$ cat protein-v2.csv   # CSV, C-alpha atoms and all ligand atoms
chain,number,residue,atom,x,y,z
A,1,MET,CA,122.5,74.6,66.4
A,2,ALA,CA,124.9,76.4,64.1
A,3,LEU,CA,124.0,79.9,63.2
A,4,SER,CA,123.0,80.8,59.6
A,5,LEU,CA,122.5,84.0,57.7
A,6,PHE,CA,118.8,83.7,58.6
A,7,SER,CA,119.3,83.3,62.3
A,8,PRO,CA,117.7,86.2,64.2
A,9,LEU,CA,120.1,88.6,66.1
A,10,PRO,CA,119.1,90.4,69.3
A,11,LEU,CA,120.5,93.9,69.6
A,12,ARG,CA,119.5,95.7,72.8
A,13,GLY,CA,115.7,96.2,72.5
A,14,LEU,CA,115.6,95.0,68.9
A,15,THR,CA,115.6,91.7,67.3
A,16,LEU,CA,116.8,91.5,63.7
A,17,LYS,CA,115.0,88.8,61.8
A,18,ASN,CA,118.2,87.8,60.0
A,19,ARG,CA,121.8,88.9,59.6
A,20,LEU,CA,121.7,90.3,56.1
A,21,VAL,CA,122.1,94.1,56.2
A,22,VAL,CA,121.8,96.7,53.4
A,23,SER,CA,125.1,98.5,53.6
A,24,PRO,CA,124.7,102.3,53.5
A,25,MET,CA,124.8,103.8,50.0
A,26,GLN,CA,124.7,107.4,49.1
A,27,GLN,CA,122.2,108.2,46.3
A,28,TYR,CA,122.7,111.9,45.8
A,29,THR,CA,119.0,112.4,45.2
A,30,ALA,CA,118.0,114.6,48.2
A,31,PRO,CA,118.1,118.3,47.6
A,32,ASP,CA,117.9,120.2,50.9
A,33,GLY,CA,118.6,116.9,52.6
A,34,LEU,CA,115.0,115.8,52.0
A,35,VAL,CA,114.2,112.2,51.1
A,36,GLY,CA,111.3,111.5,48.8
A,37,ASN,CA,109.8,109.0,46.5
A,38,TRP,CA,113.3,107.7,45.4
A,39,HIS,CA,114.2,106.7,49.0
A,40,LEU,CA,110.7,105.2,49.7
A,41,VAL,CA,111.0,102.9,46.7
A,42,HIS,CA,114.8,102.3,46.9
A,43,LEU,CA,114.9,101.4,50.6
A,44,GLY,CA,111.3,100.0,50.6
A,45,SER,CA,112.1,97.5,47.9
A,46,ARG,CA,115.2,96.3,49.8
A,47,ALA,CA,112.9,95.7,52.8
A,48,VAL,CA,110.4,93.8,50.6
A,49,GLY,CA,113.5,91.9,49.4
A,50,GLY,CA,114.0,90.4,52.8
A,51,ALA,CA,116.9,92.2,54.5
A,52,GLY,CA,116.9,92.1,58.3
A,53,LEU,CA,118.4,95.6,58.7
A,54,ILE,CA,118.6,98.5,56.3
A,55,ILE,CA,121.2,101.2,57.1
A,56,THR,CA,120.4,104.4,55.3
A,57,GLU,CA,123.1,106.3,53.3
A,58,CYS,CA,125.2,108.7,55.3
A,59,SER,CA,122.9,111.5,56.4
A,60,ALA,CA,124.4,114.8,57.5
A,61,VAL,CA,123.9,116.3,60.9
A,62,SER,CA,124.3,119.8,59.6
A,63,PRO,CA,124.4,121.5,56.2
A,64,GLU,CA,128.3,121.7,56.3
A,65,GLY,CA,128.4,118.0,57.2
A,66,ARG,CA,127.4,117.0,53.6
A,67,ASN,CA,129.8,116.4,50.7
A,68,THR,CA,127.3,117.5,48.1
A,69,LEU,CA,124.1,119.5,48.1
A,70,PHE,CA,122.2,116.3,47.3
A,71,ASP,CA,123.0,114.3,50.4
A,72,THR,CA,120.3,113.3,52.9
A,73,GLY,CA,120.2,115.0,56.2
A,74,LEU,CA,118.6,115.2,59.6
A,75,TRP,CA,119.3,118.7,60.8
A,76,ASN,CA,115.7,120.0,60.7
A,77,GLU,CA,112.0,119.1,61.2
A,78,ALA,CA,111.1,118.9,57.5
A,79,GLN,CA,113.7,116.1,57.2
A,80,VAL,CA,112.1,114.3,60.1
A,81,ALA,CA,108.8,114.4,58.4
A,82,ALA,CA,110.3,113.3,55.0
A,83,TRP,CA,111.9,110.2,56.6
A,84,GLN,CA,108.8,109.1,58.5
A,85,PRO,CA,106.9,107.4,55.6
A,86,VAL,CA,110.2,105.7,54.5
A,87,VAL,CA,110.8,104.4,58.0
A,88,GLN,CA,107.3,103.2,58.4
A,89,PHE,CA,107.1,101.4,55.1
A,90,VAL,CA,110.4,99.6,55.8
A,91,GLN,CA,109.2,98.5,59.3
A,92,GLU,CA,105.9,97.3,57.9
A,93,GLN,CA,107.9,94.8,55.9
A,94,GLY,CA,109.4,93.3,59.1
A,95,ALA,CA,112.8,94.9,58.5
A,96,LYS,CA,114.5,97.3,60.9
A,97,ILE,CA,116.0,100.6,59.8
A,98,ALA,CA,119.1,102.5,61.1
A,99,ILE,CA,120.1,105.9,60.0
A,100,GLN,CA,123.8,106.5,59.3
A,101,LEU,CA,124.6,109.9,60.8
A,102,TRP,CA,127.6,111.6,59.4
A,103,HIS,CA,129.8,114.7,59.0
A,104,SER,CA,132.1,114.9,56.0
A,105,GLY,CA,134.6,117.3,57.7
A,106,SER,CA,137.3,118.4,55.3
A,107,LYS,CA,135.8,116.2,52.5
A,108,GLY,CA,132.8,118.6,52.3
A,109,SER,CA,131.4,120.8,49.5
A,110,HIS,CA,131.5,119.0,46.2
A,111,ARG,CA,129.5,119.1,43.0
A,112,HIS,CA,127.1,116.3,42.3
A,113,PRO,CA,129.0,113.1,41.0
A,114,GLN,CA,127.2,113.6,37.7
A,115,GLN,CA,128.9,117.0,37.5
A,116,GLY,CA,132.4,115.6,38.2
A,117,PHE,CA,132.4,115.7,42.1
A,118,THR,CA,134.8,118.6,42.0
A,119,PHE,CA,135.0,121.2,44.7
A,120,LEU,CA,131.9,123.4,44.9
A,121,PRO,CA,133.1,126.9,45.8
A,122,PRO,CA,131.2,129.1,48.3
A,123,ALA,CA,130.2,131.5,45.5
A,124,GLU,CA,128.2,128.6,44.0
A,125,GLY,CA,126.5,127.5,47.3
A,126,GLY,CA,129.4,125.5,48.8
A,127,TRP,CA,131.5,126.2,51.8
A,128,LEU,CA,135.1,126.0,53.0
A,129,PRO,CA,135.3,122.7,54.8
A,130,LYS,CA,136.7,122.2,58.3
A,131,GLY,CA,138.6,119.3,59.7
A,132,PRO,CA,141.0,118.5,62.5
A,133,SER,CA,144.0,120.1,60.8
A,134,PRO,CA,144.6,122.5,58.0
A,135,VAL,CA,145.2,119.8,55.4
A,136,PRO,CA,145.2,120.6,51.6
A,137,LEU,CA,141.9,119.9,49.8
A,138,ASP,CA,141.6,118.5,46.3
A,139,ASN,CA,140.9,122.1,45.1
A,140,GLY,CA,144.2,123.7,46.1
A,141,LEU,CA,142.6,125.3,49.2
A,142,VAL,CA,143.3,124.3,52.7
A,143,ALA,CA,140.7,123.0,55.2
A,144,GLU,CA,140.2,125.1,58.2
A,145,ALA,CA,141.2,123.5,61.5
A,146,MET,CA,138.3,123.1,63.9
A,147,THR,CA,138.3,125.0,67.1
A,148,LEU,CA,137.3,123.5,70.4
A,149,ALA,CA,134.0,125.4,70.0
A,150,ASP,CA,133.5,123.8,66.6
A,151,ILE,CA,134.1,120.3,68.1
A,152,GLU,CA,131.5,121.0,70.8
A,153,LEU,CA,129.0,122.2,68.2
A,154,VAL,CA,129.4,119.1,66.0
A,155,LYS,CA,128.9,116.8,69.0
A,156,ALA,CA,125.7,118.7,69.8
A,157,ASP,CA,124.7,118.4,66.1
A,158,PHE,CA,125.1,114.6,66.4
A,159,VAL,CA,123.0,114.4,69.5
A,160,ALA,CA,120.2,116.7,68.0
A,161,ALA,CA,120.2,114.6,64.8
A,162,ALA,CA,120.0,111.4,66.8
A,163,LEU,CA,117.0,112.7,68.8
A,164,ARG,CA,115.4,113.6,65.5
A,165,ALA,CA,116.0,110.0,64.3
A,166,VAL,CA,114.2,108.8,67.4
A,167,GLN,CA,111.3,111.2,66.5
A,168,ALA,CA,111.2,109.9,62.9
A,169,GLY,CA,110.9,106.3,64.2
A,170,PHE,CA,114.3,104.9,63.3
A,171,ASP,CA,115.2,101.6,65.1
A,172,ALA,CA,118.9,102.3,65.5
A,173,ILE,CA,121.6,104.9,64.9
A,174,GLU,CA,124.9,104.2,63.1
A,175,LEU,CA,127.8,106.7,63.3
A,176,HIS,CA,129.8,106.9,60.0
A,177,ALA,CA,133.3,107.0,61.4
A,178,ALA,CA,135.0,105.6,58.3
A,179,HIS,CA,136.1,106.4,54.8
A,180,GLY,CA,138.1,109.6,55.4
A,181,TYR,CA,135.2,111.6,56.9
A,182,LEU,CA,135.3,113.7,60.0
A,183,PHE,CA,135.7,111.1,62.8
A,184,HIS,CA,138.2,109.2,60.7
A,185,GLN,CA,140.1,112.4,60.0
A,186,PHE,CA,140.4,112.8,63.8
A,187,TYR,CA,141.5,109.2,64.7
A,188,SER,CA,144.0,108.8,61.8
A,189,ALA,CA,147.4,110.5,62.4
A,190,MET,CA,147.7,110.8,58.7
A,191,ILE,CA,145.3,113.8,58.8
A,192,ASN,CA,145.1,114.8,62.5
A,193,HIS,CA,148.2,116.9,63.3
A,194,ARG,CA,146.6,118.7,66.3
A,195,THR,CA,148.6,119.3,69.4
A,196,ASP,CA,145.6,119.8,71.8
A,197,ALA,CA,143.6,117.2,73.7
A,198,TYR,CA,142.1,116.0,70.3
A,199,GLY,CA,145.5,115.2,68.6
A,200,GLY,CA,148.8,113.4,69.3
A,201,SER,CA,148.3,110.2,71.2
A,202,PHE,CA,145.8,107.4,70.3
A,203,ASP,CA,143.6,108.4,73.2
A,204,ASN,CA,143.5,112.0,72.1
A,205,ARG,CA,142.8,111.1,68.5
A,206,ILE,CA,139.8,108.9,69.3
A,207,ARG,CA,138.5,111.4,71.9
A,208,PHE,CA,136.1,113.2,69.5
A,209,LEU,CA,134.4,109.9,68.5
A,210,VAL,CA,134.4,108.6,72.0
A,211,GLU,CA,132.9,111.8,73.5
A,212,THR,CA,130.2,111.8,70.7
A,213,VAL,CA,129.4,108.2,71.6
A,214,GLN,CA,129.1,109.1,75.3
A,215,ALA,CA,126.8,112.0,74.5
A,216,LEU,CA,124.6,109.8,72.3
A,217,ARG,CA,124.4,107.0,74.7
A,218,GLN,CA,123.3,109.4,77.4
A,219,ALA,CA,120.7,111.0,75.1
A,220,LEU,CA,119.3,107.9,73.4
A,221,PRO,CA,116.7,105.5,74.8
A,222,ALA,CA,118.5,102.6,76.5
A,223,ALA,CA,116.8,100.1,74.2
A,224,MET,CA,118.1,101.8,71.0
A,225,PRO,CA,121.2,100.1,69.4
A,226,LEU,CA,124.2,102.3,68.5
A,227,LEU,CA,126.4,101.1,65.6
A,228,VAL,CA,129.7,102.5,64.4
A,229,ARG,CA,131.3,102.0,61.0
A,230,LEU,CA,135.1,102.2,61.2
A,231,SER,CA,137.9,102.3,58.7
A,232,VAL,CA,139.9,99.7,60.7
A,233,VAL,CA,142.8,100.2,58.3
A,234,ASP,CA,144.0,103.2,56.2
A,235,TYR,CA,145.3,100.9,53.4
A,236,SER,CA,148.4,103.2,53.2
A,237,ASP,CA,152.2,102.8,53.6
A,238,ASP,CA,152.4,106.1,55.4
A,239,PRO,CA,154.0,105.3,58.8
A,240,ARG,CA,151.3,107.4,60.5
A,241,ALA,CA,148.5,105.2,58.9
A,242,TRP,CA,145.9,103.6,61.1
A,243,GLN,CA,146.5,99.8,61.4
A,244,LEU,CA,144.2,96.9,62.2
A,245,ALA,CA,145.6,96.7,65.8
A,246,ASP,CA,144.4,100.3,66.2
A,247,GLY,CA,141.0,99.4,64.8
A,248,VAL,CA,140.7,96.5,67.3
A,249,ARG,CA,141.8,98.8,70.2
A,250,LEU,CA,139.2,101.4,69.2
A,251,SER,CA,136.5,98.8,68.9
A,252,ALA,CA,137.2,97.6,72.4
A,253,VAL,CA,136.9,101.2,73.7
A,254,LEU,CA,133.7,101.8,71.8
A,255,LYS,CA,132.2,98.6,73.3
A,256,GLU,CA,133.1,99.9,76.8
A,257,HIS,CA,131.2,103.0,76.0
A,258,GLY,CA,128.0,101.2,75.0
A,259,VAL,CA,128.4,100.8,71.2
A,260,ASP,CA,126.6,97.6,70.2
A,261,VAL,CA,128.0,96.9,66.7
A,262,VAL,CA,131.2,97.8,64.8
A,263,THR,CA,131.3,97.3,61.1
A,264,ALA,CA,134.9,96.8,59.8
A,265,SER,CA,135.4,98.8,56.7
A,266,GLY,CA,138.6,100.5,55.5
A,267,GLY,CA,140.4,103.3,53.6
A,268,GLY,CA,139.3,106.8,52.7
A,269,PHE,CA,142.4,108.9,52.3
A,270,VAL,CA,144.4,107.1,49.5
A,271,PRO,CA,143.3,104.9,46.6
A,272,VAL,CA,143.1,101.3,47.6
A,273,ASP,CA,145.5,98.9,45.6
A,274,PRO,CA,143.0,97.0,43.4
A,275,THR,CA,144.9,93.8,44.0
A,276,ALA,CA,144.0,94.0,47.7
A,277,VAL,CA,140.3,93.9,46.8
A,278,PHE,CA,138.8,90.5,46.3
A,279,PRO,CA,135.7,88.5,47.5
A,280,SER,CA,135.4,88.8,51.3
A,281,TYR,CA,138.7,90.8,51.5
A,282,GLN,CA,137.7,92.7,54.7
A,283,VAL,CA,136.2,89.7,56.5
A,284,PRO,CA,139.4,88.8,58.3
A,285,MET,CA,139.4,92.3,59.9
A,286,ALA,CA,135.9,91.8,61.2
A,287,GLU,CA,136.9,88.3,62.4
A,288,LYS,CA,139.8,89.7,64.4
A,289,ILE,CA,137.7,92.5,66.0
A,290,LYS,CA,135.0,90.0,67.0
A,291,ALA,CA,137.5,87.5,68.4
A,292,GLU,CA,139.6,90.0,70.3
A,293,THR,CA,136.8,92.3,71.6
A,294,GLY,CA,133.6,90.3,71.7
A,295,ILE,CA,131.7,93.2,70.2
A,296,ILE,CA,128.9,92.3,67.6
A,297,THR,CA,130.7,92.7,64.3
A,298,GLY,CA,129.6,93.4,60.8
A,299,ALA,CA,131.6,92.3,57.7
A,300,VAL,CA,131.5,94.2,54.5
A,301,GLY,CA,133.2,94.2,51.1
A,302,MET,CA,132.7,92.1,48.0
A,303,ILE,CA,130.2,89.7,49.5
A,304,THR,CA,127.9,88.7,46.7
A,305,GLU,CA,127.0,85.0,46.9
A,306,PRO,CA,124.5,83.3,49.3
A,307,ALA,CA,126.9,80.5,50.3
A,308,GLN,CA,129.7,83.0,50.9
A,309,ALA,CA,127.5,85.2,53.1
A,310,ASN,CA,126.1,82.3,55.0
A,311,ALA,CA,129.6,80.8,55.7
A,312,ILE,CA,130.8,84.1,57.2
A,313,ILE,CA,128.0,83.7,59.9
A,314,SER,CA,128.2,79.9,60.3
A,315,ASN,CA,132.0,80.0,60.6
A,316,GLY,CA,131.6,82.7,63.3
A,317,GLN,CA,133.7,85.2,61.4
A,318,ALA,CA,131.2,88.0,61.9
A,319,ASP,CA,127.7,88.5,63.3
A,320,LEU,CA,126.3,90.5,60.4
A,321,VAL,CA,126.9,90.5,56.7
A,322,LEU,CA,126.6,93.9,55.0
A,323,MET,CA,126.1,94.0,51.3
A,324,ALA,CA,126.1,97.1,49.1
A,325,ARG,CA,126.5,96.7,45.3
A,326,GLU,CA,125.0,93.3,45.0
A,327,LEU,CA,121.9,94.7,46.7
A,328,LEU,CA,121.8,97.4,44.0
A,329,ARG,CA,121.9,94.7,41.4
A,330,ASP,CA,119.3,92.6,43.2
A,331,PRO,CA,117.1,94.1,45.9
A,332,TYR,CA,115.6,90.6,46.4
A,333,PHE,CA,118.9,88.9,47.1
A,334,PRO,CA,117.8,87.9,50.7
A,335,LEU,CA,114.8,86.0,49.3
A,336,ARG,CA,117.0,84.5,46.6
A,337,ALA,CA,119.6,83.5,49.2
A,338,ALA,CA,117.1,81.8,51.5
A,339,ARG,CA,115.9,79.7,48.5
A,340,ALA,CA,119.4,78.8,47.5
A,341,LEU,CA,120.4,77.9,51.0
A,342,HIS,CA,117.1,76.0,51.7
A,343,LEU,CA,116.6,78.2,54.8
A,344,PRO,CA,113.2,79.5,55.8
A,345,THR,CA,112.4,83.2,55.6
A,346,GLU,CA,109.2,85.2,55.5
A,347,ILE,CA,107.9,85.8,52.0
A,348,PRO,CA,105.9,89.0,51.5
A,349,VAL,CA,102.2,87.9,51.4
A,350,PRO,CA,101.4,89.4,47.9
A,351,TYR,CA,104.5,87.5,46.5
A,352,LYS,CA,103.7,84.1,48.0
A,353,ARG,CA,102.4,82.5,44.8
A,354,ALA,CA,105.9,82.8,43.3
A,355,PHE,CA,107.6,80.8,46.1
B,1,LIG,C1,126.8,103.7,45.6
B,1,LIG,C2,127.6,103.5,46.9
B,1,LIG,C3,127.4,104.5,47.9
B,1,LIG,C4,128.0,104.3,49.1
B,1,LIG,N1,127.7,105.2,50.2
B,1,LIG,C5,128.1,104.9,51.4
B,1,LIG,C6,127.6,105.6,52.5
B,1,LIG,O1,126.8,106.5,52.4
B,1,LIG,N2,128.1,105.2,53.7
B,1,LIG,C7,129.1,104.2,53.9
B,1,LIG,O2,129.5,104.0,55.1
B,1,LIG,N3,129.5,103.5,52.9
B,1,LIG,C8,129.0,103.8,51.6
B,1,LIG,N4,129.4,103.0,50.6
B,1,LIG,C9,130.3,101.8,50.8
B,1,LIG,C10,129.4,100.5,51.0
B,1,LIG,O3,128.5,100.6,52.1
B,1,LIG,C11,130.3,99.3,51.1
B,1,LIG,O4,131.0,99.4,52.3
B,1,LIG,C12,131.2,99.1,49.9
B,1,LIG,O5,130.5,99.3,48.7
B,1,LIG,C13,131.7,97.6,49.9
B,1,LIG,O6,130.7,96.7,49.8
B,1,LIG,P1,130.2,96.0,48.5
B,1,LIG,O7,131.4,95.3,47.9
B,1,LIG,O8,129.1,95.0,48.9
B,1,LIG,O9,129.7,97.0,47.5
B,1,LIG,C14,128.8,103.2,49.3
B,1,LIG,C15,129.1,102.3,48.3
B,1,LIG,C16,128.4,102.4,47.1
B,1,LIG,C17,128.6,101.4,46.0
$ encode --input "protein-v2.csv" --output "structure tokens"
Amino acid sequence: MALSLFSPLPLRGLTLKNRLVVSPMQQYTAPDGLVGNWHLVHLGSRAVGGAGLIITECSAVSPEGRNTLFDTGLWNEAQVAAWQPVVQFVQEQGAKIAIQLWHSGSKGSHRHPQQGFTFLPPAEGGWLPKGPSPVPLDNGLVAEAMTLADIELVKADFVAAALRAVQAGFDAIELHAAHGYLFHQFYSAMINHRTDAYGGSFDNRIRFLVETVQALRQALPAAMPLLVRLSVVDYSDDPRAWQLADGVRLSAVLKEHGVDVVTASGGGFVPVDPTAVFPSYQVPMAEKIKAETGIITGAVGMITEPAQANAIISNGQADLVLMARELLRDPYFPLRAARALHLPTEIPVPYKRAF
């Protein structure tokens, strides 16, 4: 039988009840990295709304891994305790929940978006961000190049945060390796100008991500899925820019190292040409990765309609459909989509009289 948006998907020890995923979305509402009532209701209502998997917003593995002082985190025990009720509520609704772990690298230390998202200097509680190479920041300063010791420390921070995620009860881990943040800064030659083992060739530039994946796979329970979000293209004319063939090649390497899912996103260093952004614009990238590597693949970007989302699965273009802004407009989109598509899905018991 043909697959639909509401077909279950096995992922290592997990089974997702459907293929509709809440794409990670930063909320900037977590001082000290602590989630609270906002996240309980925000993520909880999307679980009630019927999504099969919720991926949290990018959550920093260390204080310097944030880009504002309001980003969620998982670098201490208080944050584990704060996530627990959110995780539990989401799971009680039959949804699974992954935490997106992240380091912002040279994109760190900004004011809250409501305060203009400009650089937050150390004197005001910010820090001088570090990245692969001493690239100019948007504040006229230059990011510090990470030493080999810094790289080891960040890898250890990812492992420690992932183990805290297990403790908090999360079902899966996603590494945010897209959108111009630290892992992407390493694998794109636009930003990585290193001459050591972490720069230069393709293999050297992906080394930091691959070593982190290896360390995570060793530390995590075998049944726990590991997802990675990539910018599979840089959307730039720069001759050093990352191209889809690189994204495909990296996905194949990640699969070999035990990554279960790749989500095909793009960009992060230069503004994207608005004419290149249209419904399903990134789906062909997911399709190519799926076809050429066989890894379970997520499609994301301007997917907003039930028939559109369903066709991506039933045509075999991707295995998962991630939606961001449409799920901010309508947390109950999955329930609405099931009705529109005449496909069965579980209705929350207290809501049954409406269906
Ligand atoms: C408010 C907002 C916050 C976002 N935060 C994140 C994030 O934390 N991590 C991430 O990987 N992508 C983030 N994104 C990107 C989305 O996950 C998604 O890839 C993008 O919005 C395109 O999907 P859409 O057209 O369905 O909105 C964010 C997008 C929005 C709108």
$ residues_near_ligand --input "protein-v2.csv" --ligand "ligand LIG 1 (chain B)" --cutoff "8 Å" --atoms "only C-alpha atoms and all ligand atoms" --output "list of chain:residue names"
A:Val22, A:Ser23, A:Pro24, A:Met25, A:Gln26, A:Gln27, A:Thr56, A:Glu57, A:Cys58, A:Ser59, A:Gln100, A:His176, A:Ala177, A:Ala178, A:His179, A:Arg229, A:Ser265, A:Val300, A:Gly301, A:Met302, A:Ile303, A:Thr304, A:Leu322, A:Met323, A:Ala324, A:Arg325, A:Glu326, A:Leu327
$ residues_near_point --input "protein-v2.csv" --point "(143.3, 113.0, 60.2)" --cutoff "12 Å" --atoms "only C-alpha atoms" --output "PyMOL selection string"
chain A and resi 105-107+130-136+143+145-146+177-194+198-200+202+204-206+208+234+240-242+268-269
$ residues_around --input "protein-v2.csv" --residues "A:Pro221" --least-positions-apart "4" --cutoff "10 Å" --atoms "all atoms listed in the file" --output "list in words"
Gly13, Leu163, Val166, Leu216, Arg217 and Pro225 of chain A
$ atom_distance --input "protein-v2.csv" --atom1 "atom CA of A:Leu226" --atom2 "atom CA of A:Glu292"
19.8 Å
$ residues_around --input "protein-v2.csv" --residues "stretch 338-343 of chain A" --least-positions-apart "6" --cutoff "10 Å" --atoms "only C-alpha atoms" --output "list in words"
Ser4, Leu5, Phe6, Ser7, Gly50, Glu305, Pro306, Ala307, Asn310 and Phe355 of chain A
$ write_last_selection --input "protein-v2.csv" --atoms "C-alpha atoms" --output "CSV table (one decimal), in the frame of the given file"
chain,number,residue,atom,x,y,z
A,4,SER,CA,123.0,80.8,59.6
A,5,LEU,CA,122.5,84.0,57.7
A,6,PHE,CA,118.8,83.7,58.6
A,7,SER,CA,119.3,83.3,62.3
A,50,GLY,CA,114.0,90.4,52.8
A,305,GLU,CA,127.0,85.0,46.9
A,306,PRO,CA,124.5,83.3,49.3
A,307,ALA,CA,126.9,80.5,50.3
A,310,ASN,CA,126.1,82.3,55.0
A,355,PHE,CA,107.6,80.8,46.1
$ residues_around --input "protein-v2.csv" --residues "A:Ala160" --least-positions-apart "4" --cutoff "10 Å" --atoms "only C-alpha atoms" --output "list in words"
Val61, Ser62, Leu74, Trp75, Asn76, Val154, Lys155, Ala156, Arg164, Ala165, Val166, Leu216 and Ala219 of chain A
$ residues_around --input "protein-v2.csv" --residues "A:Phe158" --least-positions-apart "6" --cutoff "9 Å" --atoms "all atoms listed in the file" --output "PDB file with C-alpha atoms, in the frame of the given file"
ATOM      1  CA  ALA A  60     124.400 114.800  57.500  1.00  0.00           C
ATOM      2  CA  VAL A  61     123.900 116.300  60.900  1.00  0.00           C
ATOM      3  CA  SER A  62     124.300 119.800  59.600  1.00  0.00           C
ATOM      4  CA  LEU A 101     124.600 109.900  60.800  1.00  0.00           C
ATOM      5  CA  TRP A 102     127.600 111.600  59.400  1.00  0.00           C
ATOM      6  CA  HIS A 103     129.800 114.700  59.000  1.00  0.00           C
ATOM      7  CA  LEU A 175     127.800 106.700  63.300  1.00  0.00           C
ATOM      8  CA  THR A 212     130.200 111.800  70.700  1.00  0.00           C
ATOM      9  CA  ALA A 215     126.800 112.000  74.500  1.00  0.00           C
ATOM     10  CA  LEU A 216     124.600 109.800  72.300  1.00  0.00           C
TER      11      LEU A 216
END
$ decode --input "protein-v2.csv" --residues "stretch 13-25 of chain A" --atoms "N, CA, C and O atoms" --output "mmCIF file, in the first residue's frame"
data_model
loop_
_atom_site.group_PDB
_atom_site.id
_atom_site.type_symbol
_atom_site.label_atom_id
_atom_site.label_comp_id
_atom_site.auth_asym_id
_atom_site.auth_seq_id
_atom_site.Cartn_x
_atom_site.Cartn_y
_atom_site.Cartn_z
ATOM 1 N N GLY A 13 14.679 2.355 17.961
ATOM 2 C CA GLY A 13 13.741 1.820 18.941
ATOM 3 C C GLY A 13 12.400 2.525 19.006
ATOM 4 O O GLY A 13 11.544 2.184 19.808
ATOM 5 N N LEU A 14 12.219 3.546 18.187
ATOM 6 C CA LEU A 14 10.993 4.356 18.246
ATOM 7 C C LEU A 14 10.105 4.043 17.065
ATOM 8 O O LEU A 14 10.598 3.679 16.009
ATOM 9 N N THR A 15 8.800 4.276 17.245
ATOM 10 C CA THR A 15 7.934 4.326 16.071
ATOM 11 C C THR A 15 7.180 5.647 16.126
ATOM 12 O O THR A 15 6.504 5.945 17.120
ATOM 13 N N LEU A 16 7.331 6.439 15.074
ATOM 14 C CA LEU A 16 6.560 7.684 14.994
ATOM 15 C C LEU A 16 5.172 7.329 14.481
ATOM 16 O O LEU A 16 5.043 6.552 13.528
ATOM 17 N N LYS A 17 4.134 7.944 15.065
ATOM 18 C CA LYS A 17 2.768 7.558 14.658
ATOM 19 C C LYS A 17 2.419 8.120 13.279
ATOM 20 O O LYS A 17 1.514 7.629 12.612
ATOM 21 N N ASN A 18 3.101 9.177 12.874
ATOM 22 C CA ASN A 18 2.927 9.703 11.511
ATOM 23 C C ASN A 18 4.210 10.411 11.099
ATOM 24 O O ASN A 18 5.193 10.425 11.852
ATOM 25 N N ARG A 19 4.201 11.009 9.916
ATOM 26 C CA ARG A 19 5.429 11.573 9.351
ATOM 27 C C ARG A 19 5.441 13.092 9.375
ATOM 28 O O ARG A 19 6.220 13.730 8.674
ATOM 29 N N LEU A 20 4.553 13.658 10.168
ATOM 30 C CA LEU A 20 4.463 15.116 10.254
ATOM 31 C C LEU A 20 5.239 15.607 11.474
ATOM 32 O O LEU A 20 4.934 15.221 12.597
ATOM 33 N N VAL A 21 6.223 16.437 11.230
ATOM 34 C CA VAL A 21 7.180 16.817 12.283
ATOM 35 C C VAL A 21 7.124 18.324 12.523
ATOM 36 O O VAL A 21 7.113 19.111 11.570
ATOM 37 N N VAL A 22 7.114 18.697 13.793
ATOM 38 C CA VAL A 22 7.245 20.124 14.132
ATOM 39 C C VAL A 22 8.717 20.484 13.975
ATOM 40 O O VAL A 22 9.579 19.965 14.679
ATOM 41 N N SER A 23 8.991 21.361 13.028
ATOM 42 C CA SER A 23 10.361 21.787 12.748
ATOM 43 C C SER A 23 10.848 22.668 13.897
ATOM 44 O O SER A 23 10.064 23.412 14.490
ATOM 45 N N PRO A 24 12.130 22.603 14.235
ATOM 46 C CA PRO A 24 12.618 23.392 15.372
ATOM 47 C C PRO A 24 12.408 24.889 15.168
ATOM 48 O O PRO A 24 12.663 25.411 14.082
ATOM 49 N N MET A 25 11.954 25.556 16.223
ATOM 50 C CA MET A 25 11.725 27.011 16.127
ATOM 51 C C MET A 25 12.093 27.716 17.416
ATOM 52 O O MET A 25 11.446 27.539 18.453
#
